[in-house]
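Listing of entry00.pdb, PDB, C-alpha atoms
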MODEL        1
ATOM      1  CA  MET A  13      21.531 -26.192  34.473
ATOM      2  CA  ARG A  14      24.158 -25.146  31.954
ATOM      3  CA  ARG A  15      22.952 -27.851  29.540
ATOM      4  CA  LEU A  16      19.336 -26.644  29.901
ATOM      5  CA  PHE A  17      20.402 -23.052  29.242
ATOM      6  CA  ARG A  18      22.369 -24.094  26.140
ATOM      7  CA  SER A  19      19.395 -26.118  24.792
ATOM      8  CA  ALA A  20      16.975 -23.244  25.395
ATOM      9  CA  THR A  21      19.317 -20.758  23.696
ATOM     10  CA  LEU A  22      19.785 -23.045  20.693
ATOM     11  CA  SER A  23      16.012 -23.567  20.396
ATOM     12  CA  LEU A  24      15.403 -19.825  20.478
ATOM     13  CA  LEU A  25      18.028 -19.175  17.810
ATOM     14  CA  ILE A  26      16.597 -21.854  15.527
ATOM     15  CA  GLY A  27      13.052 -20.549  16.017
ATOM     16  CA  PHE A  28      14.122 -16.966  15.338
ATOM     17  CA  SER A  29      16.026 -18.004  12.198
ATOM     18  CA  CYS A  30      13.005 -19.925  10.895
ATOM     19  CA  SER A  31      10.695 -16.962  11.484
ATOM     20  CA  LEU A  32      13.023 -14.657   9.548
ATOM     21  CA  CYS A  33      13.108 -17.067   6.636
ATOM     22  CA  ALA A  34       9.313 -17.339   6.633
ATOM     23  CA  CYS A  35       8.992 -13.593   5.993
ATOM     24  CA  SER A  36      11.744 -13.234   3.444
ATOM     25  CA  SER A  37      10.533 -15.236   0.473
ATOM     26  CA  SER A  38       8.479 -18.109  -0.787
ATOM     27  CA  SER A  39       9.247 -20.997  -3.089
ATOM     28  CA  PRO A  40       8.254 -20.497  -6.697
ATOM     29  CA  ASN A  41       5.531 -22.569  -8.275
ATOM     30  CA  ALA A  42       6.332 -24.546 -11.393
ATOM     31  CA  GLY A  43       4.319 -22.156 -13.564
ATOM     32  CA  ASP A  44       5.813 -18.927 -12.186
ATOM     33  CA  SER A  45       8.009 -16.901 -14.512
ATOM     34  CA  ALA A  46      10.655 -16.668 -11.777
ATOM     35  CA  ALA A  47      10.787 -20.468 -11.601
ATOM     36  CA  THR A  48      11.234 -20.831 -15.339
ATOM     37  CA  ALA A  49      13.918 -18.129 -15.339
ATOM     38  CA  GLY A  50      15.962 -20.159 -12.878
ATOM     39  CA  ALA A  51      15.431 -17.901  -9.850
ATOM     40  CA  SER A  52      15.659 -19.693  -6.513
ATOM     41  CA  SER A  53      12.778 -17.808  -4.891
ATOM     42  CA  THR A  54      10.098 -15.202  -5.488
ATOM     43  CA  VAL A  55       8.901 -12.398  -3.291
ATOM     44  CA  GLY A  56       5.395 -11.040  -3.286
ATOM     45  CA  CYS A  57       2.190 -12.371  -4.737
ATOM     46  CA  ARG A  58       0.099 -12.286  -7.865
ATOM     47  CA  PRO A  59      -2.648  -9.640  -8.035
ATOM     48  CA  SER A  60      -5.099 -12.524  -8.530
ATOM     49  CA  ASP A  61      -4.237 -13.683  -4.996
ATOM     50  CA  GLY A  62      -6.306 -10.833  -3.535
ATOM     51  CA  ASP A  63      -9.100  -8.437  -4.355
ATOM     52  CA  ILE A  64      -8.804  -6.243  -7.420
ATOM     53  CA  TYR A  65      -8.831  -2.682  -6.136
ATOM     54  CA  ALA A  66     -11.413  -0.249  -7.429
ATOM     55  CA  ALA A  67     -12.714   2.817  -5.631
ATOM     56  CA  GLY A  68     -16.047   1.813  -4.104
ATOM     57  CA  LEU A  69     -15.120  -1.872  -3.679
ATOM     58  CA  GLU A  70     -17.938  -3.315  -1.553
ATOM     59  CA  LYS A  71     -18.140  -6.477   0.537
ATOM     60  CA  PRO A  72     -21.018  -7.848   2.590
ATOM     61  CA  GLY A  73     -20.341  -8.437   6.261
ATOM     62  CA  ALA A  74     -19.847 -12.034   7.387
ATOM     63  CA  ALA A  75     -22.927 -11.810   9.641
ATOM     64  CA  GLY A  76     -25.005 -10.082   6.963
ATOM     65  CA  HIS A  77     -25.812  -7.021   9.081
ATOM     66  CA  PHE A  78     -23.695  -4.431   7.259
ATOM     67  CA  ASP A  79     -21.896  -3.852   3.966
ATOM     68  CA  PHE A  80     -18.343  -2.487   3.961
ATOM     69  CA  VAL A  81     -17.286  -0.102   1.192
ATOM     70  CA  LEU A  82     -13.678   0.878   0.512
ATOM     71  CA  LEU A  83     -14.462   4.299  -0.948
ATOM     72  CA  SER A  84     -10.853   5.136  -1.744
ATOM     73  CA  SER A  85      -7.221   4.382  -1.091
ATOM     74  CA  THR A  86      -4.352   6.838  -1.313
ATOM     75  CA  PRO A  87      -2.313   5.756  -3.150
ATOM     76  CA  ALA A  88      -4.668   3.829  -5.409
ATOM     77  CA  PRO A  89      -4.391   0.893  -5.574
ATOM     78  CA  PRO A  90      -2.978   0.247  -2.075
ATOM     79  CA  ALA A  91       0.821   0.187  -2.200
ATOM     80  CA  LEU A  92       3.913  -0.532  -0.156
ATOM     81  CA  ASP A  93       4.359   1.654   2.963
ATOM     82  CA  ASP A  94       1.733   4.045   4.356
ATOM     83  CA  ASN A  95      -1.742   4.253   2.819
ATOM     84  CA  ARG A  96      -4.901   6.193   3.623
ATOM     85  CA  PHE A  97      -8.266   4.411   3.381
ATOM     86  CA  MET A  98     -11.717   5.937   3.356
ATOM     87  CA  VAL A  99     -14.378   3.420   4.386
ATOM     88  CA  GLN A 100     -18.136   3.542   4.721
ATOM     89  CA  VAL A 101     -20.300   0.986   6.493
ATOM     90  CA  ASN A 102     -23.877   0.668   5.257
ATOM     91  CA  ASP A 103     -26.907  -0.855   6.956
ATOM     92  CA  ALA A 104     -29.356  -3.303   5.347
ATOM     93  CA  GLU A 105     -31.177  -0.420   3.634
ATOM     94  CA  GLY A 106     -27.958   0.909   2.103
ATOM     95  CA  ASN A 107     -27.681   3.906   4.433
ATOM     96  CA  ALA A 108     -24.348   4.860   5.990
ATOM     97  CA  ALA A 109     -24.267   3.624   9.571
ATOM     98  CA  PRO A 110     -22.488   5.376  12.447
ATOM     99  CA  GLY A 111     -20.748   3.088  14.896
ATOM    100  CA  GLU A 112     -17.330   1.846  15.988
ATOM    101  CA  LEU A 113     -14.951   0.620  13.300
ATOM    102  CA  SER A 114     -11.739  -1.264  14.008
ATOM    103  CA  VAL A 115      -9.217  -2.860  11.664
ATOM    104  CA  ALA A 116      -6.644  -5.638  11.746
ATOM    105  CA  LEU A 117      -3.809  -5.695   9.191
ATOM    106  CA  ASP A 118      -1.917  -8.925   8.741
ATOM    107  CA  MET A 119      -0.004 -11.025   6.254
ATOM    108  CA  PRO A 120      -1.672 -14.454   6.302
ATOM    109  CA  GLU A 121       1.164 -16.186   4.454
ATOM    110  CA  HIS A 122       3.783 -14.770   6.841
ATOM    111  CA  GLY A 123       1.793 -15.017  10.061
ATOM    112  CA  HIS A 124       2.401 -11.492  11.350
ATOM    113  CA  PRO A 125       0.483  -8.217  11.660
ATOM    114  CA  SER A 126       1.451  -4.710  10.678
ATOM    115  CA  PRO A 127       3.674  -3.092  13.316
ATOM    116  CA  ALA A 128       1.265  -0.178  13.823
ATOM    117  CA  GLN A 129      -2.464   0.332  14.076
ATOM    118  CA  PRO A 130      -3.880   3.176  12.006
ATOM    119  CA  ASN A 131      -5.747   6.086  13.522
ATOM    120  CA  ILE A 132      -9.455   5.834  12.753
ATOM    121  CA  SER A 133     -11.558   8.977  12.574
ATOM    122  CA  PHE A 134     -15.242   9.368  11.699
ATOM    123  CA  ASP A 135     -16.530  12.224   9.562
ATOM    124  CA  ALA A 136     -20.173  12.610  10.645
ATOM    125  CA  GLU A 137     -20.956  14.996   7.781
ATOM    126  CA  ARG A 138     -19.878  12.480   5.120
ATOM    127  CA  ASN A 139     -20.565   9.340   7.218
ATOM    128  CA  THR A 140     -17.116   7.959   6.410
ATOM    129  CA  PHE A 141     -14.193   6.586   8.340
ATOM    130  CA  THR A 142     -10.635   7.627   7.538
ATOM    131  CA  LEU A 143      -7.890   5.175   8.474
ATOM    132  CA  GLU A 144      -4.271   6.312   8.366
ATOM    133  CA  PRO A 145      -1.580   5.303   8.185
ATOM    134  CA  MET A 146      -2.462   1.838   6.902
ATOM    135  CA  ARG A 147       1.101   0.526   7.191
ATOM    136  CA  LEU A 148       1.625  -2.165   4.554
ATOM    137  CA  PHE A 149       5.349  -2.437   5.114
ATOM    138  CA  MET A 150       6.220  -5.600   3.157
ATOM    139  CA  VAL A 151       5.671  -6.991  -0.302
ATOM    140  CA  GLY A 152       3.081  -9.780  -0.297
ATOM    141  CA  LEU A 153      -0.567 -10.519   0.371
ATOM    142  CA  TRP A 154      -2.162  -8.315   3.038
ATOM    143  CA  ARG A 155      -5.434  -9.213   4.777
ATOM    144  CA  ILE A 156      -7.397  -6.216   6.044
ATOM    145  CA  THR A 157     -10.215  -7.163   8.403
ATOM    146  CA  PHE A 158     -12.741  -4.468   9.232
ATOM    147  CA  SER A 159     -14.909  -5.034  12.317
ATOM    148  CA  PHE A 160     -17.918  -2.857  13.046
ATOM    149  CA  GLN A 161     -20.268  -2.450  16.021
ATOM    150  CA  ALA A 162     -23.389  -0.311  16.077
ATOM    151  CA  MET A 163     -26.653   0.040  17.946
ATOM    152  CA  VAL A 164     -29.633  -0.825  15.740
ATOM    153  CA  ASP A 165     -33.129  -0.484  17.209
ATOM    154  CA  GLY A 166     -31.597  -0.428  20.694
ATOM    155  CA  ALA A 167     -29.644  -3.679  20.196
ATOM    156  CA  PRO A 168     -25.911  -4.011  19.554
ATOM    157  CA  LEU A 169     -24.966  -5.518  16.177
ATOM    158  CA  SER A 170     -21.498  -6.616  15.089
ATOM    159  CA  ASP A 171     -20.155  -7.560  11.696
ATOM    160  CA  SER A 172     -16.871  -7.835   9.818
ATOM    161  CA  ALA A 173     -15.503  -8.067   6.298
ATOM    162  CA  VAL A 174     -12.141  -9.048   4.867
ATOM    163  CA  PHE A 175     -10.335  -7.323   2.004
ATOM    164  CA  GLU A 176      -7.076  -8.736   0.629
ATOM    165  CA  PHE A 177      -4.587  -6.906  -1.558
ATOM    166  CA  CYS A 178      -1.391  -8.005  -3.250
ATOM    167  CA  ILE A 179       1.251  -5.397  -2.451
ATOM    168  CA  ASP A 180       4.307  -5.383  -4.676
TER     169      ASP A 180
ENDMDL
END

Render the structure in this file as structure tokens.
Amino acid sequence: MRRLFRSATLSLLIGFSCSLCACSSSSPNAGDSAATAGASSTVGCRPSDGDIYAAGLEKPGAAGHFDFVLLSSTPAPPALDDNRFMVQVNDAEGNAAPGELSVALDMPEHGHPSPAQPNISFDAERNTFTLEPMRLFMVGLWRITFSFQAMVDGAPLSDSAVFEFCID
């Protein structure tokens, strides 16, 4: 029993140590300036690793039912720590669609989500969703997945779109 406990404890410590290392840095590529400067590791990502932010950045939904528009980000472009996003979801005719919006924030290269979900409110007058705080708490590539559900002609429709931003 004691041997089993010691093996389990050791396995947990090794696993925990590996997960901490996975979030702390990444190895430089041969062409990176940090690699040529002799640095042992780099933190973050290149802006080309994600979407280039512009107010009004639009993406079609994966299912083709809706388009997702990032109207604005405060700060702009999205930055480290808390952000505020304004999002609009448009139907096939380009009209703003009311429905239920949800979001998932995660770091695909690190394998973990943001520690907090933002509050999502809908402004019926402007047909926009406000999401805050969008907690981008670490330097690196962030994947922001918007999921949307609405009733269209009496039938439920779902769609999603992914935005990715390099936060440094």

> Could you state the separation of atom CA of Ile156 of chain A and atom CA of Phe97 of chain A in Å, given to one decimal place?
Replying inline: 11.0 Å

> Of the residues A:Glu144, A:Asn139, A:Glu121, A:Phe134, which is the one nearest to Asp61 of chain A, using only C-alpha atoms?
Replying inline: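 Of all the options, A:Glu121 lies closest to Asp61 of chain A.
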
> Got a sec: who's within 7 Å of segment 74-85 of chain A, counting only C-alpha atoms, leaving out chain neighbours fewer than 4 positions off, as a list in words?
Replying inline: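 Everything that qualifies: Ala67, Gly68, Leu69, Glu70, Pro89, Pro90, Asn95, Arg96, Phe97, Met98, Val99, Gln100, Val101, Asn102, Asp103, Ala104, Asp171, Ser172 and Ala173 of chain A.
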
> Of the candidates A:Ala88, A:Ala136, A:Leu117, A:Met150, which one gets nearest to Ile179 of chain A if we count all atoms listed in the file?
Replying inline: A:Met150

> So what do you get for atom CA of Arg147 of chain A versus atom CA of Ala109 of chain A, distance-wise?
Replying inline: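 Atom CA of Arg147 of chain A sits 25.7 Å away from atom CA of Ala109 of chain A.
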
> What does the distance from atom CA of Phe177 of chain A to atom CA of Arg155 of chain A come to in Å, to one decimal?
Replying inline: 6.8 Å

Please put the answer as AutoDock Vina command-line options: centre and edge lengths, in Å with one decimal, of a box along x, y and z that encloses all listed atoms of segment 147-154 of chain A plus 5 Å on each side.
--center_x 2.0 --center_y -5.0 --center_z 3.4 --size_x 18.4 --size_y 21.0 --size_z 17.5

> Hey, which of A:Pro72, A:Gly123, A:Gly152, A:Pro110 ends up closest to Asp135 of chain A? Count only C-alpha atoms.
Replying inline: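 Among the listed residues, A:Pro110 lies closest to Asp135 of chain A.
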
> So which residues fall inside 10 Å of (-8.3, 10.8, 15.8) if we count all atoms listed in the file? Mind giving them as a list in words?
Replying inline: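 These residues have at least one counted atom within 10 Å: Pro130, Asn131, Ile132, Ser133, Phe134, Thr142, Leu143 and Glu144 of chain A.
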
>> Evaluate the PyMOL selection byres ((chain A and resi 111) around 6) against this structure - the residues, as number ranges by chain, please.
In response: A: 110, 112, 161-162

>> As a check of understanding, name the residues that the PyMOL selection byres ((chain A and resi 116) around 10) selects in the supplied structure, as a list in words.
In response: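 Expected selection for the PyMOL selection byres ((chain A and resi 116) around 10) here is Ser114, Val115, Leu117, Asp118, Pro125, Ser126, Ala128, Gln129, Pro130, Met146, Arg155, Ile156, Thr157, Phe158, Ser159 and Val174 of chain A.
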
>> as a list of chain:residue names, please: the residues near Cys178 of chain A (cut-off 6 Å, all atoms listed in the file, same-chain neighbours under 5 positions excluded).
In response: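 Here the qualifying residues turn out to be A:Cys57, A:Pro59, A:Gly62, A:Gly152, A:Leu153.
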
Residues just named, written with C-alpha atoms as a PDB file, in the frame of the given file:
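Listing of selection_39.pdb after writing:
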ATOM      1  CA  CYS A  57       2.190 -12.371  -4.737  1.00  0.00           C
ATOM      2  CA  PRO A  59      -2.648  -9.640  -8.035  1.00  0.00           C
ATOM      3  CA  GLY A  62      -6.306 -10.833  -3.535  1.00  0.00           C
ATOM      4  CA  GLY A 152       3.081  -9.780  -0.297  1.00  0.00           C
ATOM      5  CA  LEU A 153      -0.567 -10.519   0.371  1.00  0.00           C
TER       6      LEU A 153
END
